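In what follows, a structure is listed as structure tokens, so that the remarks can point back to it.
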Amino acid sequence: MSQSRLVTRRRALFAGAGAIAAPLVITTPGFGQTGPIKLGGLVSLTGSGSPFGPNSRVAHQAVVDQVNAAGGLLGRKIEYGAEDDQTNAEAGIRGARKMIDVDKVQAIMSVWASAVGTAVLPLCWENKVMLLGISAADSLADLPHQGYFVRTQPHTVLQAKQFARFILANNAKSAYLIMPQTPFTESVFKTIREDVEPKGVKITSAIIDNKKTSFRSEIDEMTRANPEIFMMGGYLAENIVMAKDLFRANYKGKVMGFAYGVTPAFIDGAGKEAAEGIYSIADPSPAFDSSAYTKLKTLVKRDVLDTFICQAYDHANLAILSMAKGKDATGTGIRDNIRKISNNESGTVVDNALDGLKLIAEGKEIKYSGASGPCKFADNGNIIEVAFRTAQVKDGKLAELKI
Amino acid sequence: MLEKTLQLALNGLMAGAVLAVPAIGLTMVYAVLRFVNFSVAAHMAVGAFAGYMLNAWLGVPAWMAIFGAFAGAAAAGIASDHVGLRPLRGQSALTLAIASIAVNIMIESAIRFFFGGSPRDYAIQLRRDWVIGAFKIGPQQVENVIIALVAMAMLFVFLMMTTTGKAMRAVADNPVLADSKGINPDAIARLAVGIGMGLAGVGGMLVGLDTSIDPLVGFRAILSVFAAAVVGGLGSIPGAVVGGLAIGLAEELSLLALPATYKSVIGFLAIALILTLRPQGLLGSRVT
């Protein structure tokens with residue numbers, strides 16, 4: 001009895017000493033510079049972003065596997081893990097916390113929904129973890145992220161301007177905008193109003209509750225106003241419901257939606273009849289003619305790639321090359337070096353991590369140019385140089401248009 | 001303004017009739033087992049997907065696939081209750097309600113595992129609304145209401161005119177007395193869960209026929225379904241019908257005064273009001 005108590009005390013002392021020492025060990029500079037380098041993907045495997053999240057995971061893993069097969073990064077293996085943010089902020093925070101606190105990732109990649117990005121970004125900068133995102137809400141770049149944020153998706157003001165251009169290009173005199181509540185809804189409405197109202201276009205807008213199963217009355221209200229153009233600004237699930245209601249209501253005006261909500265999955269869900277003629281606006285075009293796009297097609301064995309898988313591919317390449325450039329496999333290393341490999345116009349252009357790593361090892365300067373575009377970033381993290389495309393559903397398929 | 005109000009009321013009644021079906025399921029399980037089984041949401045999805053498989057994959061007409069939705073959700077309900085909730089019988093109603101949320105998440109995740117998260121559509125013809133004077137009404141809406149009414153009528157006949165139905169009502173009214181009369185409470189509980197979740201499955205498919213389905217089709221409706229059951233009086237089947245219609249009407253008519261983004265508030269508001277002013281609900285007879 002007495003011995004077991006002694007052992008218990010001894011164990012308790014060791015445990016106590018360990019607990020006291022742990023923070024010192026963890027915060028000692030250099031800790032974490034051995035063993036595998038951890039990268040994380042916070043992707044939407046479920047919810048509105050689920051058509052895209054699994055692709056992001058595939059692209060991340062493919063890049064990591066490629067680099068590991070060639071000997072790894074800075075002599076270390078890269079370990080990749082993904083968490084499902086369920087396209088909602090609460091699950092996103094849980095996923096990010098797990099990746100930061102338990103997995104000790106140095107970068108979180110390809111966060112899709114703006115609500116998730118907004119919730120997760122403070123965790124990243126507080127823990128010196130780099131966030132390479134897709135989330136488009138303008139407010140993200142305005143947060144005090146200390147540089148731990150870049151995104152490859154054009155922010156929503158740029159996207160809203162594409163809708164305004166579409167309205168003006170069609171000489172419409174009235175447009176009705178419906179969007180669910182998101183971190184960028186107000187800025188989209190404001191940008192469209194500012195761009196088109198001075199030119200005599202009457203804008204009506206409404207925010208819907210996307211947690212409801214039907215939007216029939218909201219669509220009835222819109223059809224009563226009889227606008228020339230209707231902006232169906234929801235994600236996939238809401239757009240499917242709204243498109244069916246538009247068909248039932250026999251709405252004759254033009255219908256436009258965000259590219260992420262008017263996809264092949266949208267056409268499948270709404271049905272060809274309901275989807276026919278709907279425009280997909282503000283689609284950041286992948287760099288179809290780029291060598292990175294061709295390489296990614298081969299890497300993931302697909303013939304056609306959407307912008308999000310291209311962006312995810314670029315995120316993984318950018319994170320790896322930034323670490324290599326700075327010889328620093330941390331989130332801060334990515335932050336401090338990402339523009340040295342992405343904005344460096346005098347560097348040798350590379351389209352994948354393997355080629356970039358070889359050139360960096362030879363002491364050469366590089367410029368990463370990706371599958372989603374040139375991948376140049378402003379100081380606030382926003383992407384510079386974006387090509388948009390517009391498409392329309394024709395015979396059950398999205399056909400690109402020149403406007 | 002009058003025209004708009006009447007159109008909203010019409011939409012509300014249509015939506016409310018569909019909402020009433022899973023609300024009856026929820027209230028029925030409550031009447032016999034005395035806890036709120038939130039896994040009704042997942043069983044709505046089970047029914048929606050069971051009907052989808054029959055309709056979209058096997059070509060069964062939608063109205064016939066409704067029976068499959070009922071059977072699929074009923075079987076899943078009995079199984080999930082047996083595995084996840086029955087071992088906790090005797091615990092507090094709160095414990096069981098929380099456990100039912102866990103069951104709900106597991107079932108929704110299982111659906112997502114097999115079917116993915118993308119929305120799916122039934123193999124039915126999309127039809128234009130009928131325009132009657134100043135009003136519009138969807139043929140699918142009308143069919144959904146008819147199916148909902150038939151389901152309710154069949155349940156009414158079962159409860160009022162069959163021995164098993166009467167036994168179920170007896171257990172709901174006084175479980176101790178029913179037990180003393182030799183009614184097997186376990187069998188009745190299993191039957192109540194089966195019928196209740198089967199009705200939830202029918203409700204899930206009806207929602208899906210008008211919109212689309214995904215693993216969260218029931219989750220999006222559960223607040224309104226719960227509000228309908230509470231407003232009508234938990235445990236009261238006629239109450240669930242009245243509650244469903246009341247919530248459907250209130251949600252749509254709220255658009256006259258509130259922006260559409262606040263539609264979900266109506267459910268919470270209805271629950272808060274009814275619990276404050278008449279805790280037993282509109283047609284409930286007791287507070288438990």
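Labeling convention for the structure tokens: chains A, B, ... as they appear, residues from 1 per chain, ligands from 1 in order of appearance.
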Report the closest atom pair, with its distance in Å rounded to one decimal, for each residue of chain A that has an atom no farther than 8 Å from chain B; count only C-alpha atoms, sort by chain and then rising residue number, and write it as CSV.
residue,atom,partner,partner_atom,distance
A:Leu45,CA,B:Gly117,CA,7.5
A:Thr46,CA,B:Gly117,CA,5.3
A:Gly47,CA,B:Gly117,CA,6.2
A:Ser48,CA,B:Ser118,CA,7.7
A:Ser50,CA,B:Gly117,CA,5.9
A:Pro51,CA,B:Ser118,CA,6.4
A:Pro180,CA,B:Thr261,CA,7.4
A:Gln181,CA,B:Thr261,CA,7.1
A:Ala206,CA,B:Ala260,CA,7.2
A:Ile207,CA,B:Thr261,CA,5.4
A:Ile208,CA,B:Thr261,CA,4.3
A:Asp209,CA,B:Thr261,CA,4.2
A:Asn210,CA,B:Thr261,CA,7.8
A:Lys211,CA,B:Arg220,CA,5.4
A:Lys212,CA,B:Arg220,CA,5.8
A:Thr213,CA,B:Arg220,CA,6.3
A:Ser214,CA,B:Thr211,CA,6.8
A:Arg216,CA,B:Asn11,CA,7.6
A:Ser217,CA,B:Leu8,CA,6.4
A:Glu218,CA,B:Ala260,CA,7.2
A:Leu236,CA,B:Pro119,CA,7.9
A:Ala237,CA,B:Pro119,CA,6.4
A:Ile240,CA,B:Ser212,CA,7.2
A:Val241,CA,B:Thr211,CA,5.1
A:Lys244,CA,B:Thr211,CA,7.3
A:Phe247,CA,B:Arg128,CA,6.6
A:Arg248,CA,B:Arg128,CA,4.0
A:Ala249,CA,B:Asp129,CA,5.9
A:Asn250,CA,B:Arg128,CA,6.5
A:Ala265,CA,B:Ser118,CA,7.2
A:Asp268,CA,B:Arg120,CA,7.3
A:Gly269,CA,B:Arg120,CA,5.0
A:Ala270,CA,B:Asp121,CA,6.9
A:Gly271,CA,B:Asp121,CA,7.4
A:Glu273,CA,B:Leu126,CA,7.8
A:Ala274,CA,B:Leu126,CA,7.9
Put those residues in a file: C-alpha atoms, as a compact mmCIF listing (two decimals), in the first residue's frame.
# COMPACT_ATOMS: atom_id res chain seq x y z
CA LEU A 45 -16.66 17.31 -47.90
CA THR A 46 -20.28 17.91 -46.92
CA GLY A 47 -22.73 20.80 -47.21
CA SER A 48 -22.91 23.33 -50.05
CA SER A 50 -19.22 19.28 -51.05
CA PRO A 51 -19.06 19.16 -54.85
CA PRO A 180 -28.66 33.94 -48.74
CA GLN A 181 -27.03 35.56 -45.72
CA ALA A 206 -33.68 40.37 -50.84
CA ILE A 207 -31.78 38.12 -48.47
CA ILE A 208 -33.30 34.67 -48.02
CA ASP A 209 -33.08 32.20 -45.16
CA ASN A 210 -31.22 29.31 -46.73
CA LYS A 211 -32.07 27.00 -43.86
CA LYS A 212 -35.62 26.66 -45.19
CA THR A 213 -36.68 23.98 -47.60
CA SER A 214 -38.71 26.14 -49.99
CA ARG A 216 -41.64 29.65 -53.31
CA SER A 217 -43.04 32.81 -51.75
CA GLU A 218 -39.76 34.66 -52.26
CA LEU A 236 -25.93 24.86 -55.02
CA ALA A 237 -28.79 23.64 -52.80
CA ILE A 240 -31.68 24.12 -57.31
CA VAL A 241 -34.83 24.94 -55.35
CA LYS A 244 -37.39 24.82 -60.06
CA PHE A 247 -39.60 27.22 -64.03
CA ARG A 248 -42.92 26.59 -62.32
CA ALA A 249 -43.62 30.31 -62.18
CA ASN A 250 -42.80 30.54 -65.92
CA ALA A 265 -24.22 19.34 -60.25
CA ASP A 268 -28.32 17.51 -62.47
CA GLY A 269 -30.17 18.61 -59.34
CA ALA A 270 -32.52 21.16 -60.92
CA GLY A 271 -33.09 19.16 -64.08
CA GLU A 273 -35.59 22.06 -68.16
CA ALA A 274 -35.27 24.24 -65.09
| field | Polymer residues at most 7 Å from Ser280 (chain A), only C-alpha atoms, same-chain spacing of 6 or more positions, as a list in words | value | Met256, Gly257, Phe258, Ala259, Val262, Thr390, Ala391 and Gln392 of chain A
| query | Hey, what's within 9 Å of Lys394 (chain A) if we count only C-alpha atoms and toss same-chain stuff fewer than 2 positions away? As a PyMOL selection string, please? | reply | chain A and resi 272+275-278+392+396-399
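The protein and nucleic acid residues lying at most 10 Å from Asp81 (chain B) are Asn37, Ser39, Ala75, Ala76, Gly77, Leu85, Arg86, Pro87, Leu88, Ser100, Val103, Ala189, Arg190, Val193 and Gly194 of chain B, with only C-alpha atoms considered and sequence neighbours fewer than 4 positions away removed.
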Export, as a short mmCIF file (atom, residue, chain, number, x, y, z; two decimals), in the first residue's frame, the selected residues with C-alpha atoms.
data_model
loop_
_atom_site.label_atom_id
_atom_site.label_comp_id
_atom_site.auth_asym_id
_atom_site.auth_seq_id
_atom_site.Cartn_x
_atom_site.Cartn_y
_atom_site.Cartn_z
CA ASN B 37 -36.81 12.11 -30.76
CA SER B 39 -33.67 11.81 -35.16
CA ALA B 75 -37.27 0.05 -40.61
CA ALA B 76 -34.41 2.49 -40.00
CA GLY B 77 -36.39 4.02 -37.13
CA LEU B 85 -32.10 4.63 -27.71
CA ARG B 86 -33.76 1.57 -26.22
CA PRO B 87 -30.79 0.84 -23.92
CA LEU B 88 -31.31 4.29 -22.43
CA SER B 100 -31.48 11.06 -30.38
CA VAL B 103 -28.42 9.04 -33.58
CA ALA B 189 -43.16 1.34 -28.44
CA ARG B 190 -41.58 -0.40 -31.43
CA VAL B 193 -41.39 4.35 -33.49
CA GLY B 194 -41.91 2.49 -36.77
#
| field | DSSP strand (DSSP E or B) selection over region 63-237 of chain A, as number ranges by chain | value | A: 73, 76, 78-84, 107-109, 130-133, 149-151, 174-180, 202-208, 229-232
Selection from above, C-alpha atoms, as a JSON list (two decimals), in the first residue's frame, can you write it?
[["chain", "number", "residue", "atom", "x", "y", "z"],
["A", 73, "LEU", "CA", 10.99, 18.83, -48.56],
["A", 76, "ARG", "CA", 11.81, 15.71, -44.47],
["A", 78, "ILE", "CA", 5.45, 15.86, -45.80],
["A", 79, "GLU", "CA", 2.36, 14.57, -44.05],
["A", 80, "TYR", "CA", -1.00, 15.71, -45.33],
["A", 81, "GLY", "CA", -4.34, 15.43, -43.58],
["A", 82, "ALA", "CA", -7.77, 16.87, -44.39],
["A", 83, "GLU", "CA", -10.69, 17.85, -42.18],
["A", 84, "ASP", "CA", -14.30, 18.34, -43.29],
["A", 107, "ALA", "CA", -0.56, 25.61, -43.35],
["A", 108, "ILE", "CA", -4.28, 25.21, -43.79],
["A", 109, "MET", "CA", -5.25, 25.05, -47.42],
["A", 130, "MET", "CA", -0.58, 30.12, -43.00],
["A", 131, "LEU", "CA", -4.06, 30.11, -44.54],
["A", 132, "LEU", "CA", -4.08, 29.62, -48.32],
["A", 133, "GLY", "CA", -7.75, 30.07, -49.07],
["A", 149, "PHE", "CA", -3.38, 34.82, -45.48],
["A", 150, "VAL", "CA", -3.46, 34.65, -49.23],
["A", 151, "ARG", "CA", -6.30, 33.59, -51.50],
["A", 174, "SER", "CA", -34.44, 46.36, -63.80],
["A", 175, "ALA", "CA", -32.80, 43.55, -61.88],
["A", 176, "TYR", "CA", -33.80, 41.62, -58.79],
["A", 177, "LEU", "CA", -31.08, 40.16, -56.56],
["A", 178, "ILE", "CA", -31.63, 37.29, -54.14],
["A", 179, "MET", "CA", -28.86, 35.88, -51.99],
["A", 180, "PRO", "CA", -28.66, 33.94, -48.74],
["A", 202, "LYS", "CA", -33.65, 49.72, -60.91],
["A", 203, "ILE", "CA", -32.30, 47.20, -58.39],
["A", 204, "THR", "CA", -34.39, 45.30, -55.85],
["A", 205, "SER", "CA", -32.68, 42.95, -53.44],
["A", 206, "ALA", "CA", -33.68, 40.37, -50.84],
["A", 207, "ILE", "CA", -31.78, 38.12, -48.47],
["A", 208, "ILE", "CA", -33.30, 34.67, -48.02],
["A", 229, "ILE", "CA", -32.78, 40.05, -64.95],
["A", 230, "PHE", "CA", -32.88, 37.90, -61.83],
["A", 231, "MET", "CA", -29.75, 37.16, -59.84],
["A", 232, "MET", "CA", -30.11, 33.73, -58.24]]
| said: Report as a ChimeraX atom specification all protein, DNA and RNA residues lying within 9 Å of region 85-87 of chain A, evaluated on only C-alpha atoms, omitting residues in the same chain fewer than 4 positions from it. | reply: /A:42-50,91-96,111-113,115-116
| task | Determine which residues of region 246-277 of chain A DSSP labels as helix (DSSP H, G or I) from the backbone of this structure, then write them out as number ranges by chain. | result | A: 246-248, 264-270, 272-275
For the residues selected in the previous step, produce a file with C-alpha atoms as a PDB file, in the first residue's frame.
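File selection_9.pdb, as written:
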ATOM      1  CA  LEU A 246     -38.618  29.872 -61.488  1.00  0.00           C
ATOM      2  CA  PHE A 247     -39.596  27.225 -64.026  1.00  0.00           C
ATOM      3  CA  ARG A 248     -42.923  26.593 -62.317  1.00  0.00           C
ATOM      4  CA  PRO A 264     -22.943  20.558 -63.640  1.00  0.00           C
ATOM      5  CA  ALA A 265     -24.216  19.342 -60.246  1.00  0.00           C
ATOM      6  CA  PHE A 266     -26.737  22.198 -60.315  1.00  0.00           C
ATOM      7  CA  ILE A 267     -27.976  21.091 -63.742  1.00  0.00           C
ATOM      8  CA  ASP A 268     -28.325  17.508 -62.474  1.00  0.00           C
ATOM      9  CA  GLY A 269     -30.168  18.613 -59.337  1.00  0.00           C
ATOM     10  CA  ALA A 270     -32.517  21.163 -60.918  1.00  0.00           C
ATOM     11  CA  LYS A 272     -32.300  20.244 -67.630  1.00  0.00           C
ATOM     12  CA  GLU A 273     -35.595  22.059 -68.160  1.00  0.00           C
ATOM     13  CA  ALA A 274     -35.268  24.238 -65.089  1.00  0.00           C
ATOM     14  CA  ALA A 275     -31.562  24.920 -65.600  1.00  0.00           C
TER      15      ALA A 275
END
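Closest to Leu13 (chain B) among B:Pro279, B:Pro238, B:Gly248, B:Pro61 is B:Gly248, based on only C-alpha atoms.
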| query | Skipping near chain neighbours, those fewer than 4 positions away, what residues fall within 10 Å of region 173-175 of chain B using only C-alpha atoms, listed as an NGL selection string? | reply | :B and (31-33 or 167-169 or 179-181 or 183-185 or 235)
Output N, CA and C atoms for every residue in the selection just made, as a tab-separated table (two decimals), in the first residue's frame.
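Wrote it out as out26.tsv, contents follow:
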chain	number	residue	atom	x	y	z
B	31	ALA	N	-45.72	10.69	-27.66
B	31	ALA	CA	-46.91	10.25	-26.92
B	31	ALA	C	-46.68	8.92	-26.23
B	32	VAL	N	-45.96	8.02	-26.88
B	32	VAL	CA	-45.75	6.68	-26.32
B	32	VAL	C	-44.50	6.61	-25.45
B	33	LEU	N	-43.43	7.26	-25.89
B	33	LEU	CA	-42.15	7.10	-25.19
B	33	LEU	C	-41.77	8.30	-24.32
B	167	ALA	N	-54.70	0.03	-28.72
B	167	ALA	CA	-53.70	-0.30	-27.70
B	167	ALA	C	-52.64	0.79	-27.62
B	168	MET	N	-52.28	1.29	-28.79
B	168	MET	CA	-51.28	2.36	-28.83
B	168	MET	C	-51.80	3.61	-28.12
B	169	ARG	N	-53.05	3.94	-28.38
B	169	ARG	CA	-53.64	5.11	-27.70
B	169	ARG	C	-53.73	4.88	-26.21
B	179	ASP	N	-50.45	-1.43	-19.24
B	179	ASP	CA	-49.59	-2.56	-18.88
B	179	ASP	C	-50.38	-3.57	-18.05
B	180	SER	N	-51.20	-3.03	-17.12
B	180	SER	CA	-51.98	-3.92	-16.25
B	180	SER	C	-53.05	-4.68	-17.04
B	181	LYS	N	-53.40	-4.14	-18.21
B	181	LYS	CA	-54.40	-4.80	-19.06
B	181	LYS	C	-53.73	-5.81	-20.01
B	183	ILE	N	-51.22	-5.16	-22.22
B	183	ILE	CA	-50.67	-4.63	-23.48
B	183	ILE	C	-49.16	-4.58	-23.35
B	184	ASN	N	-48.47	-5.16	-24.32
B	184	ASN	CA	-47.01	-5.22	-24.27
B	184	ASN	C	-46.42	-3.85	-24.62
B	185	PRO	N	-45.86	-3.15	-23.64
B	185	PRO	CA	-45.39	-1.78	-23.92
B	185	PRO	C	-44.22	-1.75	-24.91
B	235	GLY	N	-47.56	15.23	-28.25
B	235	GLY	CA	-48.34	14.05	-27.89
B	235	GLY	C	-49.72	14.05	-28.52
| said: For Arg89 (chain B), find every residue with an atom within 12 Å (counting only C-alpha atoms), except residues of its own chain fewer than 5 positions away, and show them as a list in words. | reply: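 The residues satisfying every condition are Leu33, Arg34, Phe35, Asp81, His82, Val83, Gly84, Leu94, Thr95, Leu96, Ala97, Ala99, Ser100, Asp186 and Ala189 of chain B.
Across the structure, CA of His60 (chain A) and CA of Asp303 (chain A) are spaced 17.9 Å apart.
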| request: One decimal, Å: what's the distance from CA of Ala164 (chain A) over to CA of Ile309 (chain A), could you say? | output: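 So the answer is 27.0 Å.
The two atoms in question, CA of Leu155 (chain B) and CA of Gly90 (chain B), are spaced 27.9 Å apart.
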